[in-house]
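Chemist: Have a look at this one before I ask anything.
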Amino acid sequence: MTTLQAPPTARPVPKSATYEIGRRVAAMRAAGKTVLDLATGEPSFATPTRIVEAAEQALRDGYTRYTPSAGLPEARAAAAEALTRDHGVDVPSSRVYVVPSAKYGVYASLAAILEPGDEVVVVGPHWVSYEPMITLLSATVRRVLPDAATGYRFDSTELLAVMSDRTRAIVLNTPGNPTGRVLDEGEITAVAEACRRSSCWVVSDEIYAQIRFDGVQHRAPAAHQELADRTFTIGGLSKSHAMPGWRIGYIAAPESAQEALDGFIQNSVGCAPAFVQRASIVALSDSGVQDEIGAMVHEYGRRRDELCSALDTVPGFQPSVPEGALYVWADVSATGLSGTKVAESLLDVAGIAVVPGEAFGPEYADHIRLTYAPSAAVVSAACRALAVWTPR
Ligand code: PMP
């Protein structure tokens, strides 16, 4: 008789650094500790009531079935209109896909275009999930590392230096996580210039497009004439609309990638939840909701200022004031400690959870990221704790 073999080993899949910190925070809380979580970029606000009501109504109206894979026509139209109205991306609804989350939107866009061995340009410091997504698709990351002294602004020479005939895509994120930077016109022109010399796609993650401060303008790469036919614009409602648990987002896709994207979405998820798609129409079109978003962004701006002022007074910390998104990126090299050590000490001594910089690229071990998405009370309590914290 032969004995049953043990199952084979699973493939190595990198964990998400931010989810892992979230797990640690949850374990500490379960053990009775108080933690001020400035690691998880999750809006403190409740989803606007009108959106919740629209979802309830949709459930009662029978939106409990599969929808077309690209989404309900009326939800696609609402996303297309919002992209044109808010960000100058002129896109017909036939090119818009309503998908379960921006994260899935980024992954589906990459999956539609990448083949094993392809190379993808990402600009550091960058969101934690881009590299795992690219490597899961058997492609390779080529990192552009703009200088912190220029506010991480990049040019076409830097892009072209890491590009080859295997480069298939450039991933952009504006406003950016973790820096809060908004791409300027020069950078978008630099991307167009790099694309002029190579046949490559642009995957533009714009989940924070509506969260900007001080009148800074959002520039969507797809609104640039030369990039319109090669850019995937990804948006989502998790942050701007305080809907992280609803899992809803959208992609405005280039026409020439639609066949591939259709196939990937059909075979990987099918469609986004029908009643959430219905609620997204209200989220994107209702003027009262747009006013509530304005109020939330205003409050994030106030929390940003409070957190930056508190960080400014911590010896050895150099925070940069974000133009958008939900994060402060702080250089902590002058403490003489690594970002990881600072993060550990902040958690142990002050009860504040933050994300060490190396989660955003190995070159950023002397930084930390903090979010002002939590409630005003949590942000204020963290600011008070920072004022008396000394590393241990
Ligand atoms: N892109 C970036 C840059 C993000 O920071 C996040 C969330 N942390 C996402 C995408 C994912 O958003 P969603 O909840 O829609 O998946």
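By convention in this document, the chains of the structure tokens carry letters A, B, ... by their order, each chain's residues are numbered from 1, and ligands are numbered from 1 in the order they are shown.
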Taking only C-alpha atoms and all ligand atoms and a cut-off of 7 Å, can you tell me which residues surround ligand 1, written as a PyMOL selection string?
Modeler: chain A and resi 41+101-104+127+173+176-177+205+207+236-238+244+247-249
Chemist: Which range 24-96 of chain A residues have any atom within 12 Å of an atom of range 297-308 of chain A, and for each, what is the nearest pair of atoms with distance in Å to one decimal, counting only C-alpha atoms, rows sorted by chain and number, as JSON lines?
Modeler:
{"residue": "A:Leu38", "atom": "CA", "partner": "A:Leu307", "partner_atom": "CA", "distance": 10.4}
{"residue": "A:Gly41", "atom": "CA", "partner": "A:Tyr300", "partner_atom": "CA", "distance": 11.7}
{"residue": "A:Glu42", "atom": "CA", "partner": "A:Tyr300", "partner_atom": "CA", "distance": 11.8}
{"residue": "A:Pro43", "atom": "CA", "partner": "A:Tyr300", "partner_atom": "CA", "distance": 9.3}
{"residue": "A:Ser44", "atom": "CA", "partner": "A:Tyr300", "partner_atom": "CA", "distance": 9.9}
{"residue": "A:Phe45", "atom": "CA", "partner": "A:Glu299", "partner_atom": "CA", "distance": 10.3}
Chemist: I need the residues of range 40-164 of chain A that end up classed as helix (DSSP H, G or I) by DSSP on the backbone, written out as a PyMOL selection string.
Modeler: chain A and resi 49-60+73-87+93-95+102-113+130-136+148-150+156-161
Chemist: Would you list the contacts of Ile293 in chain A as an mmCIF file with C-alpha atoms, in the first residue's frame, taking every protein, DNA or RNA residue within 9 Å and counting only C-alpha atoms, but skipping same-chain residues closer than 5 positions in sequence?
Modeler:
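So result37.cif came out as:
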data_model
loop_
_atom_site.group_PDB
_atom_site.id
_atom_site.type_symbol
_atom_site.label_atom_id
_atom_site.label_comp_id
_atom_site.auth_asym_id
_atom_site.auth_seq_id
_atom_site.Cartn_x
_atom_site.Cartn_y
_atom_site.Cartn_z
ATOM 1 C CA PRO A 48 -22.926 58.987 2.796
ATOM 2 C CA GLN A 210 -10.695 63.763 -5.537
ATOM 3 C CA ILE A 211 -8.601 64.099 -2.385
ATOM 4 C CA SER A 240 -13.176 59.647 -1.771
ATOM 5 C CA HIS A 241 -16.635 58.260 -0.965
ATOM 6 C CA ALA A 242 -15.736 56.455 2.285
ATOM 7 C CA GLY A 288 -25.553 66.168 -2.384
ATOM 8 C CA HIS A 298 -11.806 69.748 3.835
#
Chemist: Write out as a ChimeraX atom specification the residues lying within 8 Å of Ala111 in chain A, counting only C-alpha atoms and excluding same-chain residues fewer than 5 positions away.
Modeler: /A:137,261,264
Chemist: Could you state the separation of CA of Ala190 in chain A and CA of Val121 in chain A in Å, given to one decimal place?
Modeler: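 Computing it gives 13.3 Å between the two atoms.
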Chemist: Do you know which residues are at most 12 Å from Ala228 in chain A counting only C-alpha atoms, after dropping those on the same chain fewer than 5 positions away, and could you put them as a PyMOL selection string?
Modeler: chain A and resi 88-91+95+188+191-192+195+201-204+220-223+233+252-256
Chemist: Applying 12 Å and only C-alpha atoms, which residues near Lys33 in chain A remain after dropping the ones on its own chain fewer than 3 positions away? List them as a list in words.
Modeler: Arg24, Val25, Ala26, Ala27, Met28, Arg29, Ala30, Leu36, Asp37, Leu347, Asp348, Val349, Ala350, Gly351 and Ile352 of chain A
Chemist: Could you tell me how far CA of Val141 in chain A lies from CA of Ser129 in chain A, in Å and to one decimal?
Modeler: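 Computing it gives 11.9 Å between the two atoms.
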Chemist: Please identify all polymer residues within 12 Å of Val144 in chain A, counting only C-alpha atoms, omitting same-chain residues fewer than 4 positions from it, and present them as a list in words.
Modeler: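 So, after excluding close chain neighbours, the residues are Val120, Val121, Val122, Val123, Gly124, Pro125, His126, Tyr152, Arg153, Phe154, Asp155, Ser156, Thr157, Glu158, Leu159, Leu160, Ala161, Val162, Met163, Ile170, Val171, Leu172, Gly361 and Glu363 of chain A.
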Chemist: Keeping only C-alpha atoms, write the selected residues to a file as a PDB file, in the first residue's frame.
Modeler:
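Written file, selection_33.pdb:
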ATOM      1  CA  VAL A 120       7.030  47.391 -16.041  1.00  0.00           C
ATOM      2  CA  VAL A 121       8.225  50.794 -14.890  1.00  0.00           C
ATOM      3  CA  VAL A 122       7.108  51.968 -11.464  1.00  0.00           C
ATOM      4  CA  VAL A 123       8.093  55.232  -9.854  1.00  0.00           C
ATOM      5  CA  GLY A 124       9.340  55.097  -6.285  1.00  0.00           C
ATOM      6  CA  PRO A 125       8.287  55.456  -3.596  1.00  0.00           C
ATOM      7  CA  HIS A 126       5.213  53.531  -4.685  1.00  0.00           C
ATOM      8  CA  TYR A 152      10.370  62.982  -6.266  1.00  0.00           C
ATOM      9  CA  ARG A 153       9.648  64.743  -9.565  1.00  0.00           C
ATOM     10  CA  PHE A 154      10.812  62.636 -12.526  1.00  0.00           C
ATOM     11  CA  ASP A 155      11.739  63.467 -16.123  1.00  0.00           C
ATOM     12  CA  SER A 156      11.854  61.583 -19.425  1.00  0.00           C
ATOM     13  CA  THR A 157      15.581  60.847 -19.114  1.00  0.00           C
ATOM     14  CA  GLU A 158      14.962  58.979 -15.860  1.00  0.00           C
ATOM     15  CA  LEU A 159      12.119  57.011 -17.429  1.00  0.00           C
ATOM     16  CA  LEU A 160      14.066  56.152 -20.570  1.00  0.00           C
ATOM     17  CA  ALA A 161      17.077  55.057 -18.523  1.00  0.00           C
ATOM     18  CA  VAL A 162      15.141  52.070 -17.141  1.00  0.00           C
ATOM     19  CA  MET A 163      13.174  51.289 -20.303  1.00  0.00           C
ATOM     20  CA  ILE A 170       4.515  52.523 -16.969  1.00  0.00           C
ATOM     21  CA  VAL A 171       2.531  52.559 -13.726  1.00  0.00           C
ATOM     22  CA  LEU A 172       1.595  55.981 -12.398  1.00  0.00           C
ATOM     23  CA  GLY A 361      10.648  50.201  -1.894  1.00  0.00           C
ATOM     24  CA  GLU A 363      15.473  52.469  -0.953  1.00  0.00           C
TER      25      GLU A 363
END
Chemist: Restricting the calculation to only C-alpha atoms: of A:Ser268, A:Thr3, A:Gln277, A:Thr47, which residue gets closest to Tyr107 in chain A?
Modeler: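 Closest to Tyr107 in chain A of all the choices is A:Ser268.
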Chemist: Which distance in Å separates CA of Arg168 in chain A and CA of Leu83 in chain A, to one decimal?
Modeler: 24.9 Å
